[in-house]
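Structure first, then comments.
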Amino acid sequence: MSNAETKPILHSYYRSSCSYRVRIALNLKNIDYTTHAVNLIKSEQLTDEHKKLNPKAEIPVLFIDGKALAQSLPIIEYIEETRQFKPRLLPEDPFKRYQARMISEIIASGIQPLQNLNVLKRVGDEKKADWAHHFIKVGLDAVEKVLEESAGRYCVGDEISLADCCLVPQLYNARRFNVDLTNYPIMTAIEERLNVLPAFQKAHPDRQPDFPGESVAKA
C-alpha cells in the first residue's frame, strides 16, 4: 500500500477532548481510521515510542499520509486542507473562518489546558474540582458571548465548522466537572443539534474501543 492508501491511525484516549475533536472531524469527512488507545491514567503518552510521534508527549497524534501529526487544531486544519470536500470545516468566507478559529482557540487555549490532567495533578485533589469549574465557566462565558453574534444553527452560521468540533467535547468536559450549563442557552442548543448527527455520535467517548465499561451509547 502507498502512504495515501494506508488507513489513518489515531492515537487517542477515549475521554480526551482533544482526541474527541479529531474523531469528530474524521467522521465528518468520512475518513475511515483505526484507533490506537493511549491510556493517560497509566501515563502511556510518556513512553519513548509515543514521544517519537509527539515530543510533547501528548495526544492526539494522527498518522495519515505517511506523516505523524500532533496538536488537534493543526490536525483538523490539515484534514481540511488535504480533503477539501464538504462539509468544509473552515468556512470559505474569511470573516466566518476567523470566527470559527477564534471560538476554537478560546476553547483549545483558554479552557482545555487549564483543566487537563497534568494541571489538575499539580493543583491537588482538594482544589482541582473548584479550579477546573472556575476556568471552564470563565471560558464558556466568553464563548457564549461570541456565539450571540456568530451562531446560526451551529457555532458559525448554518454550516458545521472547526468550532463545532471543539464545542461538543468541551461541554462534555464541563459536565464531568459539574458545571451548570443553564446560563449557556445558545451553545447548549447548538450542542443538541450536533449530537443527533452520526459523526458526533460515533465520536462520543462512550463509543470508543478503550471506553472502560458498558454504555447505552454503544448500542
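Residues are named by chain letter and number: chains run A, B, ... in the order of the C-alpha cells, numbers start at 1 in each chain, and ligands are numbered from 1 in the order shown.
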- request: Select from region 47-171 of chain A everything DSSP, run on the backbone, classes as alpha helix (DSSP H), then give the selection as number ranges by chain.
  value: A: 48-53, 72-82, 94-110, 117-123, 125-150, 162-171
May I have the selected residues written with C-alpha atoms, as a compact mmCIF listing (two decimals), in the first residue's frame?
```
# COMPACT_ATOMS: atom_id res chain seq x y z
CA ASP A 48 9.67 6.60 24.27
CA GLU A 49 7.56 5.10 21.49
CA HIS A 50 4.92 7.80 21.82
CA LYS A 51 7.46 10.59 22.21
CA LYS A 52 8.86 9.66 18.81
CA LEU A 53 5.47 10.61 17.38
CA SER A 72 -5.71 18.80 17.49
CA LEU A 73 -6.36 22.10 15.72
CA PRO A 74 -3.46 21.80 13.24
CA ILE A 75 -4.51 18.18 12.65
CA ILE A 76 -8.05 19.27 11.77
CA GLU A 77 -6.75 22.06 9.54
CA TYR A 78 -4.52 19.53 7.74
CA ILE A 79 -7.51 17.25 7.22
CA GLU A 80 -9.46 20.18 5.78
CA GLU A 81 -6.65 21.43 3.55
CA THR A 82 -5.90 18.00 2.10
CA PRO A 94 -12.71 34.97 5.61
CA PHE A 95 -14.65 36.52 8.50
CA LYS A 96 -16.57 33.32 9.22
CA ARG A 97 -13.29 31.43 9.05
CA TYR A 98 -11.89 33.87 11.61
CA GLN A 99 -14.92 33.32 13.86
CA ALA A 100 -14.54 29.54 13.67
CA ARG A 101 -10.87 29.78 14.55
CA MET A 102 -11.47 32.28 17.35
CA ILE A 103 -14.09 30.10 19.07
CA SER A 104 -11.82 27.09 18.67
CA GLU A 105 -8.86 28.99 20.11
CA ILE A 106 -10.82 30.14 23.17
CA ILE A 107 -11.61 26.50 23.90
CA ALA A 108 -8.28 24.95 22.91
CA SER A 109 -6.04 27.58 24.52
CA GLY A 110 -8.21 29.31 27.09
CA LEU A 117 -4.96 16.03 33.75
CA ASN A 118 -1.40 17.36 34.12
CA VAL A 119 -2.55 20.69 35.53
CA LEU A 120 -5.09 19.15 37.90
CA LYS A 121 -2.44 16.82 39.32
CA ARG A 122 -0.37 19.85 40.28
CA VAL A 123 -3.35 21.72 41.72
CA ASP A 125 -7.10 16.72 44.90
CA GLU A 126 -8.64 19.21 47.32
CA LYS A 127 -8.66 22.12 44.88
CA LYS A 128 -8.86 20.53 41.45
CA ALA A 129 -12.66 20.46 41.12
CA ASP A 130 -13.06 24.14 42.03
CA TRP A 131 -10.11 25.06 39.81
CA ALA A 132 -11.50 23.27 36.75
CA HIS A 133 -15.03 24.54 37.40
CA HIS A 134 -13.82 28.16 37.59
CA PHE A 135 -11.77 28.17 34.40
CA ILE A 136 -14.34 26.24 32.38
CA LYS A 137 -17.02 28.73 33.40
CA VAL A 138 -14.86 31.76 32.56
CA GLY A 139 -14.13 30.32 29.13
CA LEU A 140 -17.70 29.30 28.39
CA ASP A 141 -18.89 32.78 29.36
CA ALA A 142 -16.68 34.15 26.59
CA VAL A 143 -17.78 31.55 24.04
CA GLU A 144 -21.47 32.21 24.72
CA LYS A 145 -20.89 35.93 24.17
CA VAL A 146 -19.19 35.27 20.83
CA LEU A 147 -22.00 32.93 19.79
CA GLU A 148 -24.51 35.75 20.25
CA GLU A 149 -23.01 37.26 17.09
CA SER A 150 -21.72 34.24 15.17
CA LEU A 162 -14.00 23.60 13.29
CA ALA A 163 -15.69 25.48 16.14
CA ASP A 164 -18.38 22.80 16.46
CA CYS A 165 -15.69 20.10 16.60
CA CYS A 166 -14.32 21.91 19.66
CA LEU A 167 -17.57 22.91 21.36
CA VAL A 168 -19.12 19.49 21.90
CA PRO A 169 -16.05 17.94 23.59
CA GLN A 170 -15.68 20.96 25.86
CA LEU A 171 -19.29 20.70 27.00
```
Can you check which parts of region 47-165 of chain A lie within 10 Å of region 5-10 of chain A? Per residue, the shortest pair of atoms and distance in Å to one decimal, counting only C-alpha atoms, sorted by chain and number, as a Markdown table.
```
| residue | atom | partner | partner_atom | distance |
| --- | --- | --- | --- | --- |
| A:Ile59 | CA | A:Leu10 | CA | 9.1 |
| A:Pro60 | CA | A:Leu10 | CA | 6.8 |
| A:Val61 | CA | A:Leu10 | CA | 5.9 |
| A:Leu62 | CA | A:Leu10 | CA | 4.5 |
| A:Phe63 | CA | A:Ile9 | CA | 5.1 |
| A:Ile64 | CA | A:Pro8 | CA | 4.7 |
| A:Asp65 | CA | A:Thr6 | CA | 7.4 |
| A:Gly66 | CA | A:Thr6 | CA | 8.0 |
| A:Lys67 | CA | A:Pro8 | CA | 9.6 |
| A:Ala68 | CA | A:Ile9 | CA | 9.2 |
| A:Leu69 | CA | A:Leu10 | CA | 9.5 |
```
task: Using only C-alpha atoms, pick whichever of A:Asn173, A:Gln45, A:Gln201, A:Thr188 has the shortest atom-to-atom distance to Ser17 (chain A).
output: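 Using only C-alpha atoms, the shortest distance to Ser17 (chain A) belongs to A:Asn173.
Proximity to Pro185 (chain A) was assessed for A:Val156, A:Ala151, A:Ala203, A:Ile111 counting only C-alpha atoms; the smallest distance is recorded for A:Ala151.
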task: Mind the document's chain letters and residue numbers, and return as a list in words the residues of chain A that DSSP labels strand (DSSP E or B).
output: Ile9, Leu10, His11, Ser12, Thr34, Thr35, His36, Ala37, Val61, Leu62, Phe63, Ile64, Lys67, Ala68, Leu69, Ala70, Ala151 and Gly157 of chain A
Residues just named, written with C-alpha atoms as a JSON list (two decimals), in the first residue's frame:
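Result went into part36.json, see below:
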```json
[["chain", "number", "residue", "atom", "x", "y", "z"],
["A", 9, "ILE", "CA", -4.25, 5.67, 12.79],
["A", 10, "LEU", "CA", -5.48, 7.95, 15.56],
["A", 11, "HIS", "CA", -3.56, 7.73, 18.83],
["A", 12, "SER", "CA", -6.33, 8.65, 21.21],
["A", 34, "THR", "CA", -8.03, 2.85, 13.24],
["A", 35, "THR", "CA", -7.80, 3.82, 16.91],
["A", 36, "HIS", "CA", -4.62, 3.19, 18.86],
["A", 37, "ALA", "CA", -5.56, 3.69, 22.51],
["A", 61, "VAL", "CA", -1.46, 12.00, 17.21],
["A", 62, "LEU", "CA", -2.85, 11.20, 13.77],
["A", 63, "PHE", "CA", -0.76, 9.08, 11.44],
["A", 64, "ILE", "CA", -2.03, 9.95, 7.98],
["A", 67, "LYS", "CA", 3.08, 11.58, 8.46],
["A", 68, "ALA", "CA", 2.59, 11.76, 12.24],
["A", 69, "LEU", "CA", 0.58, 14.89, 13.04],
["A", 70, "ALA", "CA", 0.21, 16.37, 16.53],
["A", 151, "ALA", "CA", -24.25, 31.47, 15.66],
["A", 157, "GLY", "CA", -23.89, 30.34, 10.81]]
```
query: Nearest to Ala174 (chain A) among A:Tyr33, A:Asn54, A:Arg207, A:Gln112, with distances taken over only C-alpha atoms: which residue is it?
result: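 Of the candidates, the smallest distance to Ala174 (chain A) is held by A:Gln112.
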- line: In Å and to one decimal, CA of Arg193 (chain A) is distant from CA of Arg175 (chain A) by 17.5 Å
message: My list of candidates is A:Tyr172, A:Gly213, A:Ser161, A:Ala189. Which is closest to Glu92 (chain A) when distances are computed with only C-alpha atoms?
response: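 Distance minimum relative to Glu92 (chain A) lands on A:Ser161.
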message: Can you measure CA of Asn27 (chain A) to CA of Glu191 (chain A) for me? One decimal in Å is fine.
response: 16.6 Å
query: Which residues come within 8 Å of Arg15 (chain A), counting only C-alpha atoms, excluding same-chain residues fewer than 3 positions away, as a list of chain:residue names?
result: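 So the residues in contact are A:Ser19, A:Tyr20, A:Pro205.
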Store the residues picked out above in a file with C-alpha atoms, as a PDB file, in the first residue's frame.
```
ATOM      1  CA  SER A  19      -8.848  13.447  20.677  1.00  0.00           C
ATOM      2  CA  TYR A  20     -12.638  13.833  20.624  1.00  0.00           C
ATOM      3  CA  PRO A 205     -16.219   8.872  24.429  1.00  0.00           C
TER       4      PRO A 205
END
```
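Pairwise distance (CA of Pro198 (chain A), CA of Arg23 (chain A)) equals 11.7 Å.
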